[in-house]
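Take a look at the structure below.
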Amino acid sequence: MKVEIENGKLVAAINFMYDLKLTRKHSRFRRHFIDKMSERLKRVDEDRKTLAKEHSHKDEKGEAIVKDGQFVIKDMVAFSNDLKELNSEKIVIEGGDNREMIRTIKHVLKKFEDVEYEAQASEIYDYLCEQFGVDEEEENEKGAEE
């Protein structure tokens with residue numbers, strides 16, 4: 001079992017998972033899943049700052065120039081391309097110690113499949129279902145019955 005979440009979807013996934021009303025085991029594994037994504041998000045933010053520094057104009061000491069708390073980017077196209085690449089990279093959560101967490105979150109997502117979502121919540125729910133293979137099991141069961 002393996003789940004991959006794009007860096008660019010981490011914030012939405014964390015927020016979505018936080019908003020679900022869960023108890024006991026489901027809540028505990030949700031917290032573990034959010035912790036893993038939050039840990040990765042910290043690293044992504046550090047990488048984003050590093051990219052901004054690399055693409056910034058430099059002062060006479062070679063330090064990145066910052067105005068109003070923002071780096072002054074010299075080549076926005078190159079910076080945007082690097083940022084897009086960073087956001088498309090994925091955190092990979094694989095079986096082993098994570099097997100029960102993956103199964104539990106998959107069950108949680110199935111449990112909420114009849115709930116109506118709007119806008120970003122709808123998009124991230126669909127994305128998470130796809131990553132956790134929520135519909136795959138149903139397809140496999142149907143194929144076995146035929």
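Quick note on naming: the chains in the structure tokens go A, B, ... in the order shown, residues restart at 1 in each chain, and ligands are numbered from 1 in order of appearance.
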Range 75-84 of chain A surroundings by only C-alpha atoms, 8 Å radius, close-in-sequence under 4 positions cut, as a PyMOL selection string: chain A and resi 48+51-52+55-56+88
Please, could you write that set of residues out with N, CA, C and O atoms as a PDB file, in the first residue's frame?
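New file out_21.pdb:
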ATOM      1  N   ARG A  48      10.932  26.422  -0.449  1.00  0.00           N
ATOM      2  CA  ARG A  48      10.366  27.579  -1.154  1.00  0.00           C
ATOM      3  C   ARG A  48      11.177  28.833  -0.819  1.00  0.00           C
ATOM      4  O   ARG A  48      11.495  29.631  -1.707  1.00  0.00           O
ATOM      5  N   LEU A  51      14.495  28.645  -2.618  1.00  0.00           N
ATOM      6  CA  LEU A  51      14.325  28.997  -4.031  1.00  0.00           C
ATOM      7  C   LEU A  51      14.187  30.507  -4.203  1.00  0.00           C
ATOM      8  O   LEU A  51      14.777  31.091  -5.121  1.00  0.00           O
ATOM      9  N   ALA A  52      13.414  31.136  -3.329  1.00  0.00           N
ATOM     10  CA  ALA A  52      13.226  32.587  -3.416  1.00  0.00           C
ATOM     11  C   ALA A  52      14.564  33.301  -3.231  1.00  0.00           C
ATOM     12  O   ALA A  52      14.870  34.255  -3.956  1.00  0.00           O
ATOM     13  N   HIS A  55      16.722  32.983  -6.368  1.00  0.00           N
ATOM     14  CA  HIS A  55      16.230  33.754  -7.514  1.00  0.00           C
ATOM     15  C   HIS A  55      16.115  35.250  -7.226  1.00  0.00           C
ATOM     16  O   HIS A  55      15.623  35.999  -8.062  1.00  0.00           O
ATOM     17  N   SER A  56      16.588  35.668  -6.059  1.00  0.00           N
ATOM     18  CA  SER A  56      16.481  37.084  -5.682  1.00  0.00           C
ATOM     19  C   SER A  56      17.664  37.904  -6.173  1.00  0.00           C
ATOM     20  O   SER A  56      18.757  37.375  -6.397  1.00  0.00           O
ATOM     21  N   SER A  88       4.911  20.027  -7.502  1.00  0.00           N
ATOM     22  CA  SER A  88       4.489  18.768  -8.107  1.00  0.00           C
ATOM     23  C   SER A  88       5.200  17.555  -7.494  1.00  0.00           C
ATOM     24  O   SER A  88       4.765  16.419  -7.709  1.00  0.00           O
TER      25      SER A  88
END
Find the residues around Glu63 in chain A up to 10 Å (only C-alpha atoms counted), leave out those fewer than 6 positions away in its own chain, and share them as a VMD selection string. chain A and resid 53 to 54 56 to 57
Take the selection from the previous step and output its residues with N, CA, C and O atoms, as an mmCIF file, in the first residue's frame.
data_model
loop_
_atom_site.group_PDB
_atom_site.id
_atom_site.type_symbol
_atom_site.label_atom_id
_atom_site.label_comp_id
_atom_site.auth_asym_id
_atom_site.auth_seq_id
_atom_site.Cartn_x
_atom_site.Cartn_y
_atom_site.Cartn_z
ATOM 1 N N LYS A 53 15.373 32.841 -2.288
ATOM 2 C CA LYS A 53 16.695 33.440 -2.072
ATOM 3 C C LYS A 53 17.573 33.266 -3.312
ATOM 4 O O LYS A 53 18.257 34.195 -3.728
ATOM 5 N N GLU A 54 17.557 32.072 -3.877
ATOM 6 C CA GLU A 54 18.379 31.796 -5.059
ATOM 7 C C GLU A 54 17.993 32.677 -6.240
ATOM 8 O O GLU A 54 18.852 33.077 -7.022
ATOM 9 N N SER A 56 16.588 35.668 -6.059
ATOM 10 C CA SER A 56 16.481 37.084 -5.682
ATOM 11 C C SER A 56 17.664 37.904 -6.173
ATOM 12 O O SER A 56 18.757 37.375 -6.397
ATOM 13 N N HIS A 57 17.399 39.220 -6.308
ATOM 14 C CA HIS A 57 18.502 40.152 -6.521
ATOM 15 C C HIS A 57 19.350 40.130 -5.256
ATOM 16 O O HIS A 57 18.829 39.932 -4.150
#
If we count only C-alpha atoms and set the cut-off at 12 Å, which residues sit around Ala121 in chain A, ignoring sequence neighbours fewer than 2 positions away in its own chain? Please answer as a ChimeraX atom specification. /A:9,11-20,112,115-119,123-128
Hey, what's within 6 Å of range 28-39 of chain A if we count only C-alpha atoms and toss same-chain stuff fewer than 3 positions away? As a ChimeraX atom specification, please? /A:14,25,42,101
Could you turn the residues from that selection into a file that holds C-alpha atoms, as an mmCIF file, in the first residue's frame?
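Saved to out.cif:
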data_model
loop_
_atom_site.group_PDB
_atom_site.id
_atom_site.type_symbol
_atom_site.label_atom_id
_atom_site.label_comp_id
_atom_site.auth_asym_id
_atom_site.auth_seq_id
_atom_site.Cartn_x
_atom_site.Cartn_y
_atom_site.Cartn_z
ATOM 1 C CA ILE A 14 -4.510 19.047 5.936
ATOM 2 C CA LYS A 25 -9.165 5.218 15.988
ATOM 3 C CA LYS A 42 7.585 22.562 6.827
ATOM 4 C CA MET A 101 -2.986 4.395 8.967
#
Just how far from CA of Phe71 in chain A is CA of Val44 in chain A, in Å to one decimal?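 Calculated distance between CA of Val44 in chain A and CA of Phe71 in chain A is 16.9 Å.
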Per-residue DSSP, range 23-99 of chain A, filtered to strand (DSSP E), as a PyMOL selection string: chain A and resi 66-67+70-71+90-94
Store the residues picked out above in a file with N, CA, C and O atoms, as a PDB file, in the first residue's frame.
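Final output, part19.pdb:
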ATOM      1  N   VAL A  66      15.479  41.887   0.407  1.00  0.00           N
ATOM      2  CA  VAL A  66      14.116  41.705   0.885  1.00  0.00           C
ATOM      3  C   VAL A  66      13.492  43.078   1.070  1.00  0.00           C
ATOM      4  O   VAL A  66      14.066  43.961   1.697  1.00  0.00           O
ATOM      5  N   LYS A  67      12.301  43.265   0.486  1.00  0.00           N
ATOM      6  CA  LYS A  67      11.551  44.515   0.656  1.00  0.00           C
ATOM      7  C   LYS A  67      10.155  44.168   1.143  1.00  0.00           C
ATOM      8  O   LYS A  67       9.495  43.299   0.568  1.00  0.00           O
ATOM      9  N   GLN A  70       9.307  40.547   1.592  1.00  0.00           N
ATOM     10  CA  GLN A  70       9.299  39.683   0.405  1.00  0.00           C
ATOM     11  C   GLN A  70      10.656  39.754  -0.301  1.00  0.00           C
ATOM     12  O   GLN A  70      11.247  40.819  -0.387  1.00  0.00           O
ATOM     13  N   PHE A  71      11.086  38.608  -0.815  1.00  0.00           N
ATOM     14  CA  PHE A  71      12.311  38.597  -1.601  1.00  0.00           C
ATOM     15  C   PHE A  71      12.047  39.307  -2.923  1.00  0.00           C
ATOM     16  O   PHE A  71      10.980  39.185  -3.507  1.00  0.00           O
ATOM     17  N   LYS A  90       6.154  14.836  -4.648  1.00  0.00           N
ATOM     18  CA  LYS A  90       5.180  14.159  -3.794  1.00  0.00           C
ATOM     19  C   LYS A  90       5.803  13.585  -2.536  1.00  0.00           C
ATOM     20  O   LYS A  90       6.946  13.140  -2.551  1.00  0.00           O
ATOM     21  N   ILE A  91       5.001  13.607  -1.478  1.00  0.00           N
ATOM     22  CA  ILE A  91       5.344  12.854  -0.275  1.00  0.00           C
ATOM     23  C   ILE A  91       4.796  11.450  -0.517  1.00  0.00           C
ATOM     24  O   ILE A  91       3.665  11.296  -0.991  1.00  0.00           O
ATOM     25  N   VAL A  92       5.593  10.448  -0.250  1.00  0.00           N
ATOM     26  CA  VAL A  92       5.178   9.065  -0.450  1.00  0.00           C
ATOM     27  C   VAL A  92       5.082   8.410   0.922  1.00  0.00           C
ATOM     28  O   VAL A  92       6.044   8.393   1.686  1.00  0.00           O
ATOM     29  N   ILE A  93       3.895   7.914   1.212  1.00  0.00           N
ATOM     30  CA  ILE A  93       3.655   7.213   2.475  1.00  0.00           C
ATOM     31  C   ILE A  93       3.385   5.763   2.103  1.00  0.00           C
ATOM     32  O   ILE A  93       2.413   5.465   1.410  1.00  0.00           O
ATOM     33  N   GLU A  94       4.286   4.876   2.536  1.00  0.00           N
ATOM     34  CA  GLU A  94       4.173   3.470   2.152  1.00  0.00           C
ATOM     35  C   GLU A  94       3.817   2.603   3.340  1.00  0.00           C
ATOM     36  O   GLU A  94       3.909   3.019   4.483  1.00  0.00           O
TER      37      GLU A  94
END
Select, from A:Asn98, A:Lys49, A:Arg43, A:Glu85, the residue with the minimum atom-to-atom distance to Gly69 in chain A, counting only C-alpha atoms.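 Answer, going by the shortest atom-to-atom distance: A:Lys49.
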